[in-house]
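Chemist: Okay, so here is upload14.txt, and as you'll see once you scroll down, it has compact mmCIF, C-alpha atoms.
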```txt
# COMPACT_ATOMS: atom_id res chain seq x y z
CA MET A 1 49.73 -4.55 0.45
CA ALA A 2 53.20 -3.14 -0.04
CA PHE A 3 56.38 -4.90 -1.08
CA VAL A 4 59.24 -3.02 0.42
CA GLY A 5 56.75 -0.35 -0.37
CA PHE A 6 54.40 -0.32 -3.32
CA ASP A 7 50.92 -1.62 -4.21
CA VAL A 8 51.81 -5.27 -4.72
CA PHE A 9 48.43 -6.54 -5.86
CA GLY A 10 48.01 -3.69 -8.31
CA ALA A 11 51.30 -4.81 -9.84
CA ILE A 12 50.20 -8.45 -9.81
CA GLU A 13 47.04 -7.59 -11.74
CA PHE A 14 49.16 -5.70 -14.26
CA CYS A 15 51.52 -8.67 -14.58
CA GLN A 16 48.67 -11.11 -15.07
CA ALA A 17 47.12 -8.95 -17.76
CA ARG A 18 50.43 -8.95 -19.65
CA SER A 19 51.37 -12.63 -19.10
CA SER A 20 49.56 -14.41 -21.93
CA CYS A 21 51.69 -17.57 -21.79
CA ALA A 22 51.56 -18.09 -18.01
CA GLN A 23 48.13 -18.68 -16.46
CA THR A 24 47.14 -19.05 -12.82
CA ARG A 25 43.78 -20.55 -11.85
CA ARG A 26 42.47 -19.83 -8.38
CA GLY A 27 40.40 -22.36 -6.46
CA PRO A 28 40.70 -24.52 -3.33
CA GLN A 29 44.37 -24.96 -4.32
CA HIS A 30 46.51 -22.53 -6.27
CA VAL A 31 47.57 -23.97 -9.63
CA ILE A 32 50.52 -22.89 -11.74
CA MET A 33 50.66 -23.49 -15.49
CA ARG A 34 54.27 -23.55 -16.65
CA SER A 35 54.89 -23.48 -20.36
CA ASN A 36 57.83 -21.29 -21.31
CA PRO A 37 61.53 -22.37 -21.48
CA MET A 38 62.54 -20.23 -18.49
CA ASP A 39 60.15 -22.11 -16.22
CA ARG A 40 61.47 -25.47 -17.45
CA ILE A 41 64.98 -24.34 -16.51
CA LEU A 42 63.71 -23.16 -13.12
CA ASN A 43 62.11 -26.57 -12.54
CA GLY A 44 65.56 -28.12 -12.82
CA ILE A 45 67.02 -25.55 -10.45
CA GLU A 46 64.25 -26.25 -7.93
CA GLU A 47 65.01 -29.96 -7.92
CA PHE A 48 68.70 -29.23 -7.32
CA VAL A 49 68.06 -26.68 -4.55
CA TYR A 50 64.97 -28.04 -2.78
CA GLY A 51 65.12 -31.77 -3.56
CA LYS A 52 62.95 -33.94 -5.77
CA ASP A 53 59.86 -34.10 -3.52
CA VAL A 54 59.44 -30.33 -3.29
CA ALA A 55 60.36 -29.83 -6.94
CA ASP A 56 57.71 -32.39 -7.92
CA SER A 57 55.10 -30.27 -6.18
CA PHE A 58 55.97 -27.53 -8.69
CA LYS A 59 55.96 -29.89 -11.66
CA THR A 60 52.56 -31.30 -10.75
CA LYS A 61 51.28 -27.73 -10.68
CA LYS A 62 50.47 -27.70 -6.97
CA ARG A 63 51.71 -24.46 -5.42
CA PRO A 64 53.65 -25.19 -2.20
CA THR A 65 52.55 -23.43 0.95
CA GLU A 66 54.88 -21.43 3.18
CA ARG A 67 55.15 -24.40 5.53
CA GLU A 68 56.15 -26.77 2.75
CA ILE A 69 59.28 -24.84 1.81
CA ASP A 70 61.70 -23.20 4.20
CA ARG A 71 63.96 -21.20 1.94
CA ILE A 72 66.42 -20.22 4.66
CA PRO A 73 69.72 -21.81 3.60
CA SER A 74 71.19 -24.48 5.84
CA ASN A 75 74.61 -22.99 5.09
CA ALA A 76 74.54 -19.32 6.12
CA ASP A 77 77.92 -18.77 4.44
CA CYS A 78 76.21 -18.50 1.05
CA SER A 79 75.93 -15.10 -0.64
CA CYS A 80 73.20 -12.91 0.79
CA PRO A 81 70.37 -12.39 -1.74
CA CYS A 82 70.26 -8.64 -0.98
CA GLY A 83 73.29 -8.07 -3.22
CA SER A 84 75.63 -6.70 -0.55
CA SER A 85 78.45 -9.08 -1.62
CA LYS A 86 78.53 -10.39 1.96
CA THR A 87 77.58 -13.82 3.18
CA TYR A 88 74.06 -14.26 4.54
CA ALA A 89 75.58 -14.98 7.99
CA ASN A 90 77.40 -11.63 7.97
CA CYS A 91 74.60 -9.63 6.38
CA CYS A 92 70.83 -10.13 6.78
CA ARG A 93 70.68 -13.26 8.91
CA PRO A 94 71.37 -11.49 12.25
CA PHE A 95 68.45 -9.17 11.51
CA HIS A 96 66.13 -12.02 10.53
CA THR A 97 66.99 -13.86 13.74
CA GLU A 98 66.70 -10.62 15.77
CA GLU A 99 70.27 -10.91 17.03
CA SER A 100 70.90 -7.29 16.07
CA LEU A 101 69.05 -4.21 14.80
CA PRO A 102 69.60 -2.91 11.25
CA ASN A 103 70.23 0.68 10.21
CA ALA A 104 67.99 2.18 7.52
CA LEU A 105 69.80 0.69 4.52
CA GLU A 106 70.25 -2.66 6.24
CA LEU A 107 66.54 -2.70 7.01
CA LEU A 108 65.63 -2.25 3.36
CA ARG A 109 68.11 -4.93 2.28
CA SER A 110 66.94 -7.34 4.98
CA ARG A 111 63.30 -6.85 3.99
CA TYR A 112 64.19 -7.73 0.39
CA ALA A 113 66.02 -10.83 1.64
CA ALA A 114 62.96 -11.69 3.75
CA TYR A 115 60.81 -11.70 0.61
CA TYR A 116 63.44 -13.83 -1.13
CA TYR A 117 63.43 -16.34 1.74
CA ARG A 118 59.67 -16.08 2.39
CA LEU A 119 59.76 -14.64 5.90
CA PRO A 120 56.43 -12.80 6.25
CA THR A 121 56.76 -12.41 10.02
CA TYR A 122 59.93 -10.33 9.59
CA ILE A 123 58.21 -8.13 7.00
CA MET A 124 55.37 -7.52 9.43
CA LYS A 125 57.63 -6.90 12.44
CA THR A 126 59.65 -4.24 10.58
CA THR A 127 56.62 -2.32 9.26
CA HIS A 128 55.75 0.87 11.14
CA GLU A 129 52.39 0.88 12.91
CA ARG A 130 51.35 3.96 10.91
CA ASN A 131 51.82 2.11 7.61
CA GLU A 132 48.49 1.49 5.85
CA ASP A 133 48.99 -2.29 5.91
CA PHE A 134 49.60 -2.48 9.65
CA ALA A 135 45.94 -2.34 10.72
CA LYS A 136 44.90 -5.35 8.66
CA SER A 137 44.12 -8.75 10.11
CA ARG A 138 47.49 -10.28 10.99
CA ARG A 139 46.55 -13.59 9.37
CA ALA A 140 45.27 -11.95 6.19
CA TRP A 141 48.33 -9.73 6.03
CA LYS A 142 50.67 -12.69 6.45
CA ASN A 143 48.78 -14.62 3.78
CA GLU A 144 49.06 -11.70 1.34
CA ILE A 145 52.83 -11.48 1.83
CA THR A 146 53.24 -15.23 1.44
CA GLU A 147 51.11 -15.23 -1.71
CA PHE A 148 53.23 -12.47 -3.21
CA CYS A 149 56.40 -14.43 -2.42
CA LEU A 150 54.98 -17.55 -4.05
CA LEU A 151 53.95 -15.65 -7.19
CA HIS A 152 57.38 -14.14 -7.76
CA ARG A 153 61.05 -15.08 -7.96
CA PHE A 154 63.32 -12.33 -6.73
CA LEU A 155 66.43 -11.91 -8.86
CA SER A 156 68.22 -8.77 -7.70
CA LEU A 157 68.13 -5.60 -5.61
CA GLU A 158 69.96 -2.47 -6.72
CA ILE A 159 70.23 0.61 -4.48
CA LEU A 160 69.93 3.75 -6.61
CA GLU A 161 69.84 6.63 -4.14
CA GLN A 162 69.81 7.27 -0.41
CA LYS A 163 68.72 10.61 1.10
CA VAL A 164 68.81 11.67 4.74
CA THR A 165 66.22 14.42 5.15
CA GLN A 166 66.15 14.35 8.93
CA ARG A 167 68.07 12.49 11.58
CA GLU A 168 65.24 9.99 11.99
CA THR A 169 64.02 9.83 8.38
CA GLN A 170 65.67 8.44 5.25
CA PHE A 171 64.45 7.92 1.69
CA ILE A 172 65.99 5.10 -0.33
CA MET A 173 65.34 4.55 -4.02
CA PHE A 174 66.00 1.09 -5.40
CA ARG A 175 65.29 -1.25 -8.30
CA VAL A 176 64.07 -4.83 -7.87
CA THR A 177 64.21 -7.33 -10.73
CA LEU A 178 62.02 -10.42 -10.51
CA LEU A 179 60.11 -13.05 -12.44
CA HIS A 180 56.32 -13.10 -12.41
CA GLU A 181 55.36 -16.64 -13.48
CA GLY A 182 58.50 -16.80 -15.62
CA VAL A 183 58.12 -13.32 -17.11
CA PRO A 184 60.94 -10.83 -16.30
CA ALA A 185 59.80 -7.61 -14.63
CA SER A 186 61.35 -4.80 -12.63
CA PHE A 187 60.21 -1.83 -10.60
CA ILE A 188 61.77 1.22 -9.00
CA GLU A 189 60.49 2.36 -5.64
CA GLN A 190 61.29 5.09 -3.19
CA SER A 191 60.88 3.86 0.37
CA LYS A 192 60.58 6.00 3.46
CA LEU A 193 62.40 4.57 6.49
CA GLN A 194 61.72 6.05 9.90
CA GLN A 195 63.53 5.65 13.21
CA ASP A 196 61.29 5.34 16.24
CA GLN A 197 62.37 4.42 19.78
CA GLY A 198 65.86 3.53 18.57
CA LYS A 199 64.67 1.17 15.82
CA TRP A 200 64.32 1.67 12.07
CA TRP A 201 60.98 0.82 10.44
CA TYR A 202 59.55 0.69 6.93
CA ARG A 203 57.12 3.62 6.94
CA SER A 204 55.82 3.86 3.37
CA GLY A 205 56.77 3.54 -0.30
CA ARG A 206 56.10 5.19 -3.64
CA LEU A 207 56.26 3.32 -6.95
CA VAL A 208 58.43 5.31 -9.38
CA ASP A 209 58.54 2.99 -12.39
CA PHE A 210 57.42 -0.49 -13.44
CA GLU A 211 58.49 -2.48 -16.49
CA MET A 212 57.57 -5.92 -17.76
CA SER A 213 59.00 -7.75 -20.76
CA GLU A 214 56.70 -8.42 -23.69
CA ILE A 215 55.85 -12.06 -24.36
```
What's the C-alpha cells form of this structure?
Modeler:
Amino acid sequence: MAFVGFDVFGAIEFCQARSSCAQTRRGPQHVIMRSNPMDRILNGIEEFVYGKDVADSFKTKKRPTEREIDRIPSNADCSCPCGSSKTYANCCRPFHTEESLPNALELLRSRYAAYYYRLPTYIMKTTHERNEDFAKSRRAWKNEITEFCLLHRFLSLEILEQKVTQRETQFIMFRVTLLHEGVPASFIEQSKLQQDQGKWWYRSGRLVDFEMSEI
C-alpha cells in the first residue's frame, strides 16, 4: 500500500523494528502502549482537541476506529494541514468535498491532508486505476489506509521539487515528517501525478529517503 506513494507497510515494519520503547500488540482489538514523554504530551492534546471521551480511549490503550473519530475540523477556517498557509476552507476542503478538482500540486497536498484527517475514501478516489493498489479489495484497501493513519501522526509536508515532463505528467518530490508511535520519522518521496480525462490522479511513487530518530 502506498502513502502518497511509497511502500507504507514496509516502512511500518522498519519503524516497529526501531521503536524499542513503543510496542503494539495485535489481536481482536489493536492496543497501543504509550510510555515516552512525547506521547504523554499528545494525550493532553487529544483531550483538548477531541474531548475527554475520545481521549480516554487512547489512555485506556484502545485504538479508536475510523468511525469513532472524525478529524475533519468543525471550523474550516483553521490552517490547512498541508502547509500551504491557507485556511482549510480555502485550500483542501473543496477537493475533499468534491466541490472542485485539484491541479497536480493541489492533488498531492490534498492527499496529505486526507491522511491527516483520516479520509481513506478520498485517497482511493484520487488513485489512478493503473496504480498497483487499485486492484485490491476495496474494503481491505480502505482498512489498510485507515490503519496507517491510526499508526501515525502527520506533522508536516514540505514540497522539494516539481517537474513537468509532459503536459499530462508531473513529478513532485516532497518530505513528510510524522510520528510513529511517538517516534519522530521522515521520508522523501517522488510522486508521479498523471492527468487523465481532465482530472489529475496519483499514479505511482518512489521512496527516495527514510529517516527515523534513535530511541
Chemist: Any idea what's packed within 6 Å of stretch 198-209 of chain A, counting all atoms listed in the file, ignoring anything in its chain fewer than 5 positions away? Could you give it as JSON, numbers by chain?
Modeler: {"A": [5, 6, 104, 126, 127, 128, 131, 187, 188, 189, 190, 191, 192, 193]}
Chemist: What separation in Å, quoted to one decimal, exists between atom CA of A:Gln162 and atom CA of A:Ser110?
Modeler: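 These two atoms are separated by 15.8 Å.
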Chemist: Which neighbours of stretch 85-91 of chain A fall inside 10 Å, counting all atoms listed in the file, when residues of the same chain fewer than 3 positions from it are skipped, and could you give them as a compact mmCIF listing (two decimals) with C-alpha atoms, keeping the file's coordinate frame?
Modeler:
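Full text of out12.txt as output:
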```
# COMPACT_ATOMS: atom_id res chain seq x y z
CA ILE A 72 66.42 -20.22 4.66
CA PRO A 73 69.72 -21.81 3.60
CA ASN A 75 74.61 -22.99 5.09
CA ALA A 76 74.54 -19.32 6.12
CA ASP A 77 77.92 -18.77 4.44
CA CYS A 78 76.21 -18.50 1.05
CA SER A 79 75.93 -15.10 -0.64
CA CYS A 80 73.20 -12.91 0.79
CA PRO A 81 70.37 -12.39 -1.74
CA CYS A 82 70.26 -8.64 -0.98
CA PRO A 94 71.37 -11.49 12.25
CA PHE A 95 68.45 -9.17 11.51
CA HIS A 96 66.13 -12.02 10.53
CA PRO A 102 69.60 -2.91 11.25
CA GLU A 106 70.25 -2.66 6.24
CA ARG A 109 68.11 -4.93 2.28
CA SER A 110 66.94 -7.34 4.98
CA ALA A 113 66.02 -10.83 1.64
```
Chemist: Which is closer to A:Gly182 than all the others in A:Arg167, A:Met212, A:Met124, A:Arg111, using only C-alpha atoms?
Modeler: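 The shortest atom-to-atom distance to A:Gly182 comes from A:Met212.
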Chemist: For the atom pair atom CA of A:Cys149 and atom CA of A:Ser213, what is the interatomic distance in Å to one decimal place?
Modeler: 19.7 Å
Chemist: Measuring between all atoms listed in the file, which one of A:Leu105, A:Gln195, A:Tyr115, A:Ser100 shows the shortest distance to A:Leu160?
Modeler: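 For A:Leu160, the nearest of the candidates is A:Leu105.
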Chemist: Dump as number ranges by chain all residues having an atom at most 9 Å from (70.1, 6.4, -7.3), computed in the file's coordinates with only C-alpha atoms.
Modeler: A: 158-162, 172-174
Chemist: As an exercise, work out the distance from atom CA of A:Leu119 to atom CA of A:Arg93 in Å and give it to one decimal place.
Modeler: 11.4 Å
Chemist: Find the residues around A:Leu178 up to 6 Å (only C-alpha atoms counted), leave out those fewer than 3 positions away in its own chain, and share them as a PyMOL selection string.
Modeler: chain A and resi 153-155+184-185
